[in-house]
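What follows is the content of start_29.txt, which has compact mmCIF, N, CA and C atoms:
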# COMPACT_ATOMS: atom_id res chain seq x y z
N MET G 24 27.83 63.16 -1.99
CA MET G 24 27.24 61.91 -2.39
C MET G 24 27.27 60.95 -1.22
N ASP G 25 26.29 60.08 -1.23
CA ASP G 25 26.17 59.09 -0.16
C ASP G 25 27.03 57.88 -0.48
N LYS G 26 27.84 57.52 0.46
CA LYS G 26 28.59 56.28 0.31
C LYS G 26 27.94 55.24 1.19
N ARG G 27 27.54 54.18 0.60
CA ARG G 27 26.89 53.12 1.37
C ARG G 27 27.93 52.14 1.86
N THR G 28 27.88 51.90 3.13
CA THR G 28 28.86 50.99 3.71
C THR G 28 28.28 49.62 4.01
N GLY G 29 26.96 49.53 4.11
CA GLY G 29 26.31 48.25 4.41
C GLY G 29 26.11 47.39 3.17
N LYS G 30 25.71 46.17 3.40
CA LYS G 30 25.48 45.25 2.29
C LYS G 30 24.10 45.41 1.67
N GLY G 31 23.15 45.97 2.43
CA GLY G 31 21.80 46.14 1.89
C GLY G 31 21.09 44.80 1.75
N ARG G 32 20.05 44.80 0.95
CA ARG G 32 19.31 43.54 0.72
C ARG G 32 20.08 42.69 -0.26
N GLN G 33 20.27 41.47 0.13
CA GLN G 33 20.98 40.54 -0.75
C GLN G 33 20.14 39.30 -0.95
N LYS G 34 20.35 38.67 -2.08
CA LYS G 34 19.67 37.42 -2.36
C LYS G 34 20.33 36.33 -1.53
N ILE G 35 19.51 35.54 -0.85
CA ILE G 35 20.07 34.46 -0.05
C ILE G 35 19.77 33.11 -0.69
N GLU G 36 20.63 32.18 -0.45
CA GLU G 36 20.46 30.84 -1.00
C GLU G 36 19.35 30.12 -0.24
N MET G 37 18.45 29.46 -0.97
CA MET G 37 17.35 28.74 -0.36
C MET G 37 17.83 27.36 0.09
N LYS G 38 18.13 27.26 1.36
CA LYS G 38 18.54 25.98 1.95
C LYS G 38 18.20 26.03 3.42
N LEU G 39 18.17 24.88 4.05
CA LEU G 39 17.85 24.80 5.47
C LEU G 39 18.91 25.51 6.28
N ILE G 40 18.46 26.32 7.22
CA ILE G 40 19.38 27.04 8.10
C ILE G 40 19.73 26.11 9.25
N GLU G 41 21.01 25.81 9.38
CA GLU G 41 21.47 24.85 10.39
C GLU G 41 21.58 25.46 11.78
N ASP G 42 22.05 26.71 11.88
CA ASP G 42 22.23 27.36 13.17
C ASP G 42 20.86 27.58 13.81
N ASN G 43 20.66 27.05 15.02
CA ASN G 43 19.36 27.06 15.68
C ASN G 43 18.86 28.49 15.95
N GLU G 44 19.74 29.36 16.41
CA GLU G 44 19.32 30.73 16.70
C GLU G 44 18.92 31.47 15.43
N ALA G 45 19.72 31.32 14.38
CA ALA G 45 19.40 31.97 13.10
C ALA G 45 18.12 31.37 12.52
N HIS G 46 17.94 30.08 12.70
CA HIS G 46 16.75 29.39 12.21
C HIS G 46 15.50 29.95 12.88
N THR G 47 15.54 30.10 14.20
CA THR G 47 14.40 30.63 14.96
C THR G 47 14.10 32.06 14.58
N THR G 48 15.13 32.88 14.43
CA THR G 48 14.96 34.28 14.06
C THR G 48 14.33 34.40 12.67
N THR G 49 14.84 33.63 11.73
CA THR G 49 14.33 33.66 10.36
C THR G 49 12.88 33.18 10.31
N LEU G 50 12.58 32.11 11.04
CA LEU G 50 11.21 31.61 11.08
C LEU G 50 10.26 32.69 11.59
N SER G 51 10.64 33.35 12.66
CA SER G 51 9.81 34.38 13.25
C SER G 51 9.58 35.54 12.28
N LYS G 52 10.66 36.04 11.67
CA LYS G 52 10.54 37.17 10.74
C LYS G 52 9.72 36.80 9.51
N ARG G 53 10.01 35.65 8.93
CA ARG G 53 9.29 35.24 7.71
C ARG G 53 7.83 34.92 8.01
N LYS G 54 7.58 34.35 9.19
CA LYS G 54 6.20 34.06 9.59
C LYS G 54 5.41 35.37 9.67
N LYS G 55 5.99 36.38 10.32
CA LYS G 55 5.32 37.68 10.43
C LYS G 55 5.06 38.27 9.04
N GLY G 56 6.04 38.17 8.16
CA GLY G 56 5.88 38.68 6.80
C GLY G 56 4.80 37.94 6.03
N LEU G 57 4.77 36.62 6.16
CA LEU G 57 3.77 35.81 5.46
C LEU G 57 2.36 36.13 5.98
N PHE G 58 2.23 36.22 7.29
CA PHE G 58 0.92 36.53 7.87
C PHE G 58 0.46 37.94 7.49
N LYS G 59 1.42 38.88 7.42
CA LYS G 59 1.08 40.25 7.01
C LYS G 59 0.55 40.26 5.57
N LYS G 60 1.23 39.51 4.68
CA LYS G 60 0.79 39.43 3.28
C LYS G 60 -0.58 38.76 3.18
N ALA G 61 -0.82 37.73 3.98
CA ALA G 61 -2.12 37.06 3.98
C ALA G 61 -3.21 38.03 4.42
N ASN G 62 -2.93 38.85 5.45
CA ASN G 62 -3.89 39.84 5.92
C ASN G 62 -4.17 40.88 4.83
N GLU G 63 -3.12 41.35 4.18
CA GLU G 63 -3.29 42.33 3.10
C GLU G 63 -4.13 41.74 1.97
N TYR G 64 -3.84 40.51 1.60
CA TYR G 64 -4.58 39.85 0.52
C TYR G 64 -6.06 39.76 0.87
N SER G 65 -6.35 39.37 2.10
CA SER G 65 -7.73 39.26 2.55
C SER G 65 -8.43 40.61 2.53
N THR G 66 -7.73 41.64 2.98
CA THR G 66 -8.30 42.99 3.02
C THR G 66 -8.58 43.51 1.62
N ILE G 67 -7.63 43.34 0.72
CA ILE G 67 -7.75 43.87 -0.64
C ILE G 67 -8.81 43.12 -1.45
N THR G 68 -8.83 41.79 -1.35
CA THR G 68 -9.71 40.99 -2.21
C THR G 68 -11.02 40.58 -1.54
N GLY G 69 -11.07 40.64 -0.22
CA GLY G 69 -12.27 40.19 0.48
C GLY G 69 -12.35 38.67 0.59
N ALA G 70 -11.28 37.99 0.21
CA ALA G 70 -11.25 36.53 0.28
C ALA G 70 -10.99 36.08 1.71
N ASP G 71 -11.51 34.89 2.03
CA ASP G 71 -11.18 34.28 3.31
C ASP G 71 -9.82 33.62 3.16
N VAL G 72 -8.89 33.98 4.02
CA VAL G 72 -7.52 33.51 3.90
C VAL G 72 -7.12 32.78 5.17
N GLY G 73 -6.44 31.66 5.00
CA GLY G 73 -5.92 30.93 6.15
C GLY G 73 -4.54 30.39 5.82
N VAL G 74 -3.61 30.54 6.76
CA VAL G 74 -2.25 30.04 6.59
C VAL G 74 -1.90 29.23 7.83
N VAL G 75 -1.40 28.03 7.62
CA VAL G 75 -0.99 27.18 8.74
C VAL G 75 0.47 26.80 8.53
N LEU G 76 1.29 27.01 9.55
CA LEU G 76 2.70 26.62 9.53
C LEU G 76 2.92 25.59 10.62
N ILE G 77 3.63 24.54 10.30
CA ILE G 77 4.03 23.56 11.30
C ILE G 77 5.54 23.45 11.22
N THR G 78 6.21 23.80 12.31
CA THR G 78 7.67 23.83 12.30
C THR G 78 8.23 22.42 12.38
N ALA G 79 9.53 22.33 12.15
CA ALA G 79 10.20 21.04 12.22
C ALA G 79 10.09 20.43 13.61
N SER G 80 9.99 21.28 14.64
CA SER G 80 9.87 20.77 16.02
C SER G 80 8.43 20.38 16.34
N GLY G 81 7.49 20.63 15.42
CA GLY G 81 6.12 20.22 15.62
C GLY G 81 5.20 21.30 16.16
N LYS G 82 5.71 22.52 16.33
CA LYS G 82 4.91 23.62 16.83
C LYS G 82 4.12 24.22 15.66
N SER G 83 2.84 24.51 15.91
CA SER G 83 2.02 25.05 14.82
C SER G 83 1.75 26.54 15.04
N HIS G 84 1.64 27.25 13.92
CA HIS G 84 1.33 28.67 13.91
C HIS G 84 0.29 28.86 12.82
N SER G 85 -0.68 29.75 13.05
CA SER G 85 -1.69 29.96 12.02
C SER G 85 -2.16 31.40 11.99
N TYR G 86 -2.63 31.80 10.83
CA TYR G 86 -3.28 33.09 10.64
C TYR G 86 -4.53 32.82 9.83
N SER G 87 -5.62 33.48 10.16
CA SER G 87 -6.82 33.38 9.33
C SER G 87 -7.63 34.65 9.44
N SER G 88 -8.25 35.03 8.33
CA SER G 88 -9.07 36.23 8.32
C SER G 88 -10.40 35.98 9.04
N ILE G 89 -10.85 34.74 9.03
CA ILE G 89 -11.97 34.28 9.86
C ILE G 89 -11.42 33.08 10.63
N SER G 90 -12.23 32.39 11.38
CA SER G 90 -11.67 31.29 12.17
C SER G 90 -11.08 30.22 11.25
N ILE G 91 -9.97 29.66 11.66
CA ILE G 91 -9.28 28.65 10.85
C ILE G 91 -10.16 27.43 10.65
N GLU G 92 -11.02 27.11 11.62
CA GLU G 92 -11.93 25.98 11.50
C GLU G 92 -12.93 26.22 10.36
N LYS G 93 -13.46 27.46 10.27
CA LYS G 93 -14.40 27.77 9.19
C LYS G 93 -13.71 27.68 7.83
N ILE G 94 -12.47 28.13 7.77
CA ILE G 94 -11.74 28.07 6.50
C ILE G 94 -11.47 26.62 6.11
N THR G 95 -11.01 25.79 7.05
CA THR G 95 -10.73 24.39 6.71
C THR G 95 -12.00 23.65 6.35
N ASP G 96 -13.11 23.93 7.06
CA ASP G 96 -14.38 23.29 6.71
C ASP G 96 -14.83 23.68 5.30
N LYS G 97 -14.71 24.97 4.99
CA LYS G 97 -15.09 25.46 3.67
C LYS G 97 -14.20 24.83 2.59
N PHE G 98 -12.90 24.76 2.88
CA PHE G 98 -11.95 24.17 1.94
C PHE G 98 -12.29 22.70 1.67
N LEU G 99 -12.50 21.94 2.72
CA LEU G 99 -12.81 20.52 2.57
C LEU G 99 -14.13 20.30 1.84
N GLU G 100 -15.11 21.15 2.13
CA GLU G 100 -16.40 21.07 1.45
C GLU G 100 -16.25 21.32 -0.05
N LEU G 101 -15.49 22.36 -0.39
CA LEU G 101 -15.27 22.68 -1.80
C LEU G 101 -14.48 21.58 -2.50
N LYS G 102 -13.48 21.02 -1.80
CA LYS G 102 -12.69 19.92 -2.38
C LYS G 102 -13.56 18.71 -2.64
N GLN G 103 -14.44 18.39 -1.70
CA GLN G 103 -15.34 17.24 -1.86
C GLN G 103 -16.26 17.45 -3.05
N ASP G 104 -16.79 18.68 -3.20
CA ASP G 104 -17.64 18.99 -4.35
C ASP G 104 -16.86 18.83 -5.65
N ASP G 105 -15.60 19.30 -5.68
CA ASP G 105 -14.77 19.16 -6.87
C ASP G 105 -14.55 17.69 -7.20
N ARG G 106 -14.24 16.90 -6.20
CA ARG G 106 -14.00 15.47 -6.42
C ARG G 106 -15.22 14.79 -6.99
N GLN G 107 -16.39 15.11 -6.44
CA GLN G 107 -17.61 14.47 -6.91
C GLN G 107 -17.90 14.87 -8.34
N SER G 108 -17.74 16.14 -8.69
CA SER G 108 -18.02 16.56 -10.06
C SER G 108 -16.99 16.01 -11.04
N ASP G 109 -15.74 15.92 -10.61
CA ASP G 109 -14.69 15.40 -11.49
C ASP G 109 -14.81 13.90 -11.73
N HIS G 110 -15.32 13.17 -10.75
CA HIS G 110 -15.29 11.71 -10.83
C HIS G 110 -16.67 11.07 -10.91
N ASP G 111 -17.71 11.86 -11.17
CA ASP G 111 -19.05 11.28 -11.27
C ASP G 111 -19.12 10.24 -12.38
N ASP G 112 -18.51 10.55 -13.52
CA ASP G 112 -18.57 9.62 -14.64
C ASP G 112 -17.78 8.34 -14.36
N MET G 113 -16.81 8.41 -13.48
CA MET G 113 -16.01 7.23 -13.16
C MET G 113 -16.56 6.49 -11.96
N GLY G 114 -17.47 7.10 -11.22
CA GLY G 114 -18.03 6.44 -10.05
C GLY G 114 -17.04 6.33 -8.90
N LYS G 115 -16.01 7.16 -8.89
CA LYS G 115 -14.99 7.11 -7.84
C LYS G 115 -14.96 8.46 -7.14
N LEU G 116 -14.89 8.44 -5.82
CA LEU G 116 -14.77 9.68 -5.06
C LEU G 116 -13.33 9.95 -4.69
N ASP G 117 -12.50 8.94 -4.82
CA ASP G 117 -11.13 9.08 -4.37
C ASP G 117 -10.18 8.85 -5.54
N VAL G 118 -9.31 9.81 -5.79
CA VAL G 118 -8.36 9.70 -6.90
C VAL G 118 -7.44 8.50 -6.70
N PHE G 119 -7.10 8.22 -5.46
CA PHE G 119 -6.20 7.11 -5.18
C PHE G 119 -6.85 5.77 -5.49
N GLU G 120 -8.18 5.66 -5.28
CA GLU G 120 -8.89 4.44 -5.66
C GLU G 120 -8.81 4.24 -7.17
N THR G 121 -9.04 5.32 -7.91
CA THR G 121 -8.97 5.26 -9.36
C THR G 121 -7.58 4.87 -9.82
N PHE G 122 -6.57 5.47 -9.21
CA PHE G 122 -5.19 5.15 -9.55
C PHE G 122 -4.90 3.67 -9.28
N GLU G 123 -5.35 3.17 -8.14
CA GLU G 123 -5.11 1.77 -7.77
C GLU G 123 -5.81 0.83 -8.76
N ASP G 124 -7.03 1.18 -9.17
CA ASP G 124 -7.75 0.36 -10.15
C ASP G 124 -6.99 0.33 -11.49
N LEU G 125 -6.48 1.48 -11.91
CA LEU G 125 -5.72 1.52 -13.16
C LEU G 125 -4.43 0.72 -13.06
N ARG G 126 -3.78 0.81 -11.90
CA ARG G 126 -2.54 0.04 -11.69
C ARG G 126 -2.82 -1.46 -11.77
N LYS G 127 -3.93 -1.90 -11.16
CA LYS G 127 -4.29 -3.31 -11.21
C LYS G 127 -4.62 -3.76 -12.63
N GLU G 128 -5.28 -2.88 -13.37
CA GLU G 128 -5.63 -3.21 -14.76
C GLU G 128 -4.37 -3.36 -15.62
N VAL G 129 -3.41 -2.45 -15.43
CA VAL G 129 -2.15 -2.54 -16.17
C VAL G 129 -1.41 -3.82 -15.77
N GLN G 130 -1.42 -4.14 -14.49
CA GLN G 130 -0.75 -5.35 -14.02
C GLN G 130 -1.40 -6.59 -14.63
N ALA G 131 -2.73 -6.62 -14.71
CA ALA G 131 -3.43 -7.76 -15.31
C ALA G 131 -3.08 -7.88 -16.79
N LEU G 132 -3.02 -6.74 -17.48
CA LEU G 132 -2.65 -6.78 -18.90
C LEU G 132 -1.22 -7.28 -19.08
N ASN G 133 -0.32 -6.88 -18.19
CA ASN G 133 1.06 -7.36 -18.25
C ASN G 133 1.12 -8.87 -18.03
N GLU G 134 0.32 -9.37 -17.10
CA GLU G 134 0.29 -10.81 -16.84
C GLU G 134 -0.24 -11.57 -18.06
N LYS G 135 -1.29 -11.02 -18.69
CA LYS G 135 -1.82 -11.67 -19.90
C LYS G 135 -0.77 -11.71 -21.00
N GLU G 136 -0.01 -10.62 -21.13
CA GLU G 136 1.04 -10.57 -22.15
C GLU G 136 2.12 -11.60 -21.85
N LYS G 137 2.46 -11.75 -20.57
CA LYS G 137 3.45 -12.76 -20.18
C LYS G 137 2.95 -14.16 -20.50
N GLU G 138 1.64 -14.40 -20.33
CA GLU G 138 1.06 -15.71 -20.64
C GLU G 138 1.05 -15.96 -22.15
N ARG G 139 0.87 -14.89 -22.93
CA ARG G 139 0.84 -15.04 -24.38
C ARG G 139 2.20 -15.43 -24.94
N ILE G 140 3.25 -14.92 -24.36
CA ILE G 140 4.59 -15.21 -24.87
C ILE G 140 4.88 -16.70 -24.80
N PRO G 141 4.64 -17.37 -23.68
CA PRO G 141 4.85 -18.82 -23.67
C PRO G 141 3.91 -19.54 -24.66
N ASP G 142 2.70 -19.01 -24.89
CA ASP G 142 1.80 -19.62 -25.85
C ASP G 142 2.40 -19.57 -27.25
N LYS G 143 3.05 -18.47 -27.61
CA LYS G 143 3.71 -18.38 -28.91
C LYS G 143 4.81 -19.42 -29.01
N HIS G 144 5.58 -19.55 -27.96
CA HIS G 144 6.66 -20.54 -27.93
C HIS G 144 6.08 -21.95 -28.03
N ARG G 145 5.01 -22.18 -27.30
CA ARG G 145 4.35 -23.50 -27.33
C ARG G 145 3.80 -23.78 -28.73
N LEU G 146 3.24 -22.77 -29.38
CA LEU G 146 2.72 -22.94 -30.73
C LEU G 146 3.84 -23.30 -31.71
N GLU G 147 4.98 -22.65 -31.58
CA GLU G 147 6.12 -22.98 -32.43
C GLU G 147 6.58 -24.42 -32.20
N GLN G 148 6.57 -24.85 -30.94
CA GLN G 148 6.95 -26.22 -30.63
C GLN G 148 5.96 -27.20 -31.27
N LEU G 149 4.68 -26.90 -31.16
CA LEU G 149 3.66 -27.78 -31.74
C LEU G 149 3.78 -27.85 -33.27
N GLU G 150 4.06 -26.71 -33.88
CA GLU G 150 4.23 -26.70 -35.33
C GLU G 150 5.44 -27.54 -35.74
N ALA G 151 6.52 -27.45 -34.97
CA ALA G 151 7.71 -28.25 -35.26
C ALA G 151 7.40 -29.74 -35.10
N ILE G 152 6.65 -30.09 -34.08
CA ILE G 152 6.25 -31.50 -33.87
C ILE G 152 5.37 -31.97 -35.02
N LYS G 153 4.45 -31.10 -35.47
CA LYS G 153 3.56 -31.46 -36.60
C LYS G 153 4.38 -31.72 -37.86
N LEU G 154 5.35 -30.84 -38.14
CA LEU G 154 6.20 -31.05 -39.31
C LEU G 154 6.97 -32.36 -39.20
N TRP G 155 7.46 -32.64 -38.02
CA TRP G 155 8.21 -33.87 -37.79
C TRP G 155 7.31 -35.09 -38.00
N LEU G 156 6.06 -35.00 -37.48
CA LEU G 156 5.11 -36.10 -37.66
C LEU G 156 4.71 -36.25 -39.12
N ASP G 157 4.58 -35.13 -39.84
CA ASP G 157 4.27 -35.18 -41.27
C ASP G 157 5.38 -35.91 -42.03
N LYS G 158 6.64 -35.62 -41.68
CA LYS G 158 7.76 -36.29 -42.32
C LYS G 158 7.73 -37.79 -42.04
N ILE G 159 7.43 -38.11 -40.79
CA ILE G 159 7.36 -39.54 -40.42
C ILE G 159 6.22 -40.19 -41.18
N GLY G 160 5.07 -39.49 -41.28
CA GLY G 160 3.91 -40.03 -42.00
C GLY G 160 4.23 -40.24 -43.46
N LYS G 161 4.93 -39.36 -44.11
CA LYS G 161 5.30 -39.51 -45.51
C LYS G 161 6.27 -40.67 -45.67
N GLY G 162 7.13 -40.83 -44.70
CA GLY G 162 8.07 -41.94 -44.74
C GLY G 162 7.34 -43.27 -44.65
N LYS G 163 6.28 -43.35 -43.86
CA LYS G 163 5.50 -44.59 -43.73
C LYS G 163 4.75 -44.87 -45.02
N GLU G 164 4.24 -43.78 -45.67
CA GLU G 164 3.54 -43.97 -46.93
C GLU G 164 4.49 -44.59 -47.95
N LYS G 165 5.70 -44.10 -48.01
CA LYS G 165 6.66 -44.64 -48.96
C LYS G 165 6.95 -46.10 -48.64
N VAL G 166 7.07 -46.38 -47.38
CA VAL G 166 7.36 -47.76 -46.99
C VAL G 166 6.18 -48.64 -47.32
N MET G 167 4.96 -48.15 -47.13
CA MET G 167 3.77 -48.95 -47.35
C MET G 167 3.53 -49.20 -48.83
N PHE G 168 3.90 -48.26 -49.70
CA PHE G 168 3.63 -48.42 -51.12
C PHE G 168 4.74 -49.16 -51.86
N TYR G 169 5.87 -49.34 -51.26
CA TYR G 169 6.93 -50.10 -51.93
C TYR G 169 6.63 -51.58 -51.78
N PRO G 170 6.63 -52.26 -52.91
CA PRO G 170 6.43 -53.71 -52.79
C PRO G 170 7.67 -54.37 -52.19
N SER G 171 7.43 -55.32 -51.41
CA SER G 171 8.56 -55.97 -50.80
C SER G 171 9.10 -57.08 -51.65

Can you dump the structure from the file as structure tokens?
Amino acid sequence: MDKRTGKGRQKIEMKLIEDNEAHTTTLSKRKKGLFKKANEYSTITGADVGVVLITASGKSHSYSSISIEKITDKFLELKQDDRQSDHDDMGKLDVFETFEDLRKEVQALNEKEKERIPDKHRLEQLEAIKLWLDKIGKGKEKVMFYPS
């Protein structure tokens, strides 16, 4: 029987690798694996595939089944078409513009609500003054109708 002395494949914890040498080695190996899978996917499905990696040091690496420029142009064109079809009824091409408009609308409604609260308080004050004036008015009527 075979006795295995090595550790074999083990599950590793997903966290940033601090050791610079280990970090570089892992990046290189995983980059090769990712690019290999992207190539296989493109070959099997016939899809145009592009992968772009930008390292923490700012170095870029890319793989594409056709030129990366053609893939990014196609991607941006398709995204623009999606945005236009999704937002035609709203007249907005940018989701962030729509979000900002909604935020402003909510803020305006909140301000109106804040203005209404003092109006309720003011109305209560006016009603109290009216009751007080009514009492004073009734008191004057009594004084006016009593013969001296």

Figure out the distance between atom C of Ala61 in chain G and atom C of Thr49 in chain G, please, to one decimal in Å.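 Computed distance, atom C of Thr49 in chain G to atom C of Ala61 in chain G, equals 17.8 Å.
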
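Separating atom C of Ser51 in chain G from atom C of Gly81 in chain G is a distance of 15.4 Å.
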
What is the distance, in Å and to one decimal place, between CA of Ile77 in chain G and CA of Asn43 in chain G?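 Rounded to one decimal, the two atoms are 16.3 Å apart.
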